[in-house]
Amino acid sequence: PFDVLIVGGGPAGAAAAVYAARKGIRTGIAAERFGGQVLDTLGIENFISVKETEGPKFAHALEEHVRTYDVDIMNLQRAKALKPTGSLIEVQLESGATLKAKSVIVSTGARWRNINVPGEQEFRNKGVAYCPHCDGPLFKGKRVAVIGGGNSGVEAAIDLAGIVAHVTLVEFDTRLRADAVLQKKLHSLPNVTVLTNAQTTRITGDQKVDGLVYKDRASGEEKRVDLEGVFVQIGLVPNTEWLKGTVELSKFGEIIVGPRGETSLPGVFAAGDCTTVPFKQIIIAAGDGAKAALGAFDHLIRS
Ligand code: FAD
């Protein structure tokens, strides 16, 4: 069996693999797609000490770093179940194989919920964005929309209002669902327009985004807003469906972790975007992966 088996090969999993392997223990990493979300990212400008890089380049560097150690990399492997058996933990893969380990680190990340309207996929990274911390500065002085009036949408709108020329917040429902204090702050900003009862139907453009079309749900009328960017903020979904009933999850499906990445199941640790750790960012996920690996190592030397 592995001493540490990592499931997920994004920044959290890669960091966990390096930290575990450096302890000289038997380390494996199974990932559906090594690299994770950064493979879908264009520019990265906030990984401290790397002024700027591109997602695929960064993903390649993660893999290269892991490969300098004796780590068993199992790419294109999707885990479908985890269960404790005696003193070991079993991870079943879709391929039919079963891996056994003394400890497991889950780092399966998350995915942004899509709005699924024409234009969203076509203009991804060409005006359609999901992460205000990452891509906000690219829209400096421009007009953007934020789709979604929950906490993340309203936080994004407040954040972006300080950078861009104008923000239009588009909410499907008749009212915003964000906390009152956030709504109050939002309404105090001079360069924000809030549209409620508005269903986004299309994101338009030629090479890049040039507008957003929505249906006014009260009148049924279609209206258009001219802008250069659209931030979709209708939820981040953790990739934890396969863990339901085994480790404790939050109401959002995030794995509940303690300060060392420990989960409700002894020997099972978790790190990065799939957990309750706040703020989903590369540098945070990587630090979190390192922490979970040290947590797992600590667990191993005590058991
Ligand atoms: P992920 O990167 O999501 O990796 C998860 C890994 O688990 C992948 O290898 C995946 O294939 C694998 N996996 C999932 N399910 C299974 C399963 N069942 N079995 C096996 N493997 C599985 N952050 C920044 O800091 N700066 C940025 O500029 C930035 N830009 C972004 C742009 C975009 C378009 C997106 C989508 C995100 C961006 N982020 C950015 C966020 C950042 O990418 C994430 O916070 C970070 O990748 C999280 O790392 P992670 O390792 O926790 O998860």
# chains A, B, ... in the order shown; residues from 1 in each chain; ligands from 1

call {"tool": "residues_around", "arguments": {"residues": "region 5-13 of chain A", "least_positions_apart": "4", "cutoff": "6 Å", "atoms": "only C-alpha atoms", "output": "list of chain:residue names"}}
result
A:Thr27, A:Gly28, A:Ile29, A:Ala30, A:Ala31, A:Phe34, A:Gly35, A:Gly36, A:Ala101, A:Val104, A:Ile105, A:Val106, A:Ser107, A:Thr108, A:Gly272, A:Ala285, A:Ala286, A:Gly289

call {"tool": "closest_atom_pairs", "arguments": {"of": "region 117-184 of chain A", "to": "region 40-45 of chain A", "cutoff": "9 Å", "atoms": "only C-alpha atoms", "output": "Markdown table"}}
result
| residue | atom | partner | partner_atom | distance |
| --- | --- | --- | --- | --- |
| A:Asn125 | CA | A:Leu42 | CA | 6.8 |
| A:Cys134 | CA | A:Ile44 | CA | 7.2 |
| A:Asp135 | CA | A:Gly43 | CA | 8.4 |

call {"tool": "write_last_selection", "arguments": {"atoms": "N, CA, C and O atoms", "output": "short mmCIF file (atom, residue, chain, number, x, y, z; two decimals), in the first residue's frame"}}
result
data_model
loop_
_atom_site.label_atom_id
_atom_site.label_comp_id
_atom_site.auth_asym_id
_atom_site.auth_seq_id
_atom_site.Cartn_x
_atom_site.Cartn_y
_atom_site.Cartn_z
N ASN A 125 -12.33 33.39 -21.32
CA ASN A 125 -11.01 34.02 -21.42
C ASN A 125 -10.93 35.12 -22.47
O ASN A 125 -9.87 35.64 -22.77
N CYS A 134 -8.59 37.01 -9.76
CA CYS A 134 -7.62 36.66 -10.79
C CYS A 134 -7.70 37.63 -11.96
O CYS A 134 -6.69 38.16 -12.41
N ASP A 135 -8.90 37.85 -12.47
CA ASP A 135 -9.07 38.53 -13.75
C ASP A 135 -9.58 39.96 -13.62
O ASP A 135 -9.61 40.68 -14.62
#

call {"tool": "select_by_dssp", "arguments": {"residues": "region 32-237 of chain A", "states": "alpha helix (DSSP H)", "output": "MDAnalysis selection string"}}
result
chainID A and resid 55:67 132:135 151:161 180:187

call {"tool": "residues_around", "arguments": {"residues": "Ser152 (chain A)", "least_positions_apart": "4", "cutoff": "10 Å", "atoms": "only C-alpha atoms", "output": "JSON, numbers by chain"}}
result
{"A": [132, 146, 147, 148, 156, 157, 158, 178, 182, 232, 233, 234, 235, 236]}

call {"tool": "closest_residue", "arguments": {"among": "A:Val50, A:Ile282, A:Leu189, A:Ala20", "to": "ligand 1", "atoms": "only C-alpha atoms and all ligand atoms"}}
result
A:Ile282

call {"tool": "atom_distance", "arguments": {"atom1": "CA of Thr85 (chain A)", "atom2": "CA of Lys244 (chain A)"}}
result
17.1 Å

call {"tool": "closest_residue", "arguments": {"among": "A:Val66, A:Val213, A:Ala271, A:Leu300", "to": "ligand 1", "atoms": "only C-alpha atoms and all ligand atoms"}}
result
A:Ala271

call {"tool": "residues_around", "arguments": {"residues": "Leu176 (chain A)", "least_positions_apart": "6", "cutoff": "12 Å", "atoms": "only C-alpha atoms", "output": "PyMOL selection string"}}
result
chain A and resi 147-155+169-170+182-184+186-187+194-198

call {"tool": "closest_residue", "arguments": {"among": "A:His133, A:Lys23, A:His60, A:Arg78", "to": "ligand 1", "atoms": "only C-alpha atoms and all ligand atoms"}}
result
A:Arg78
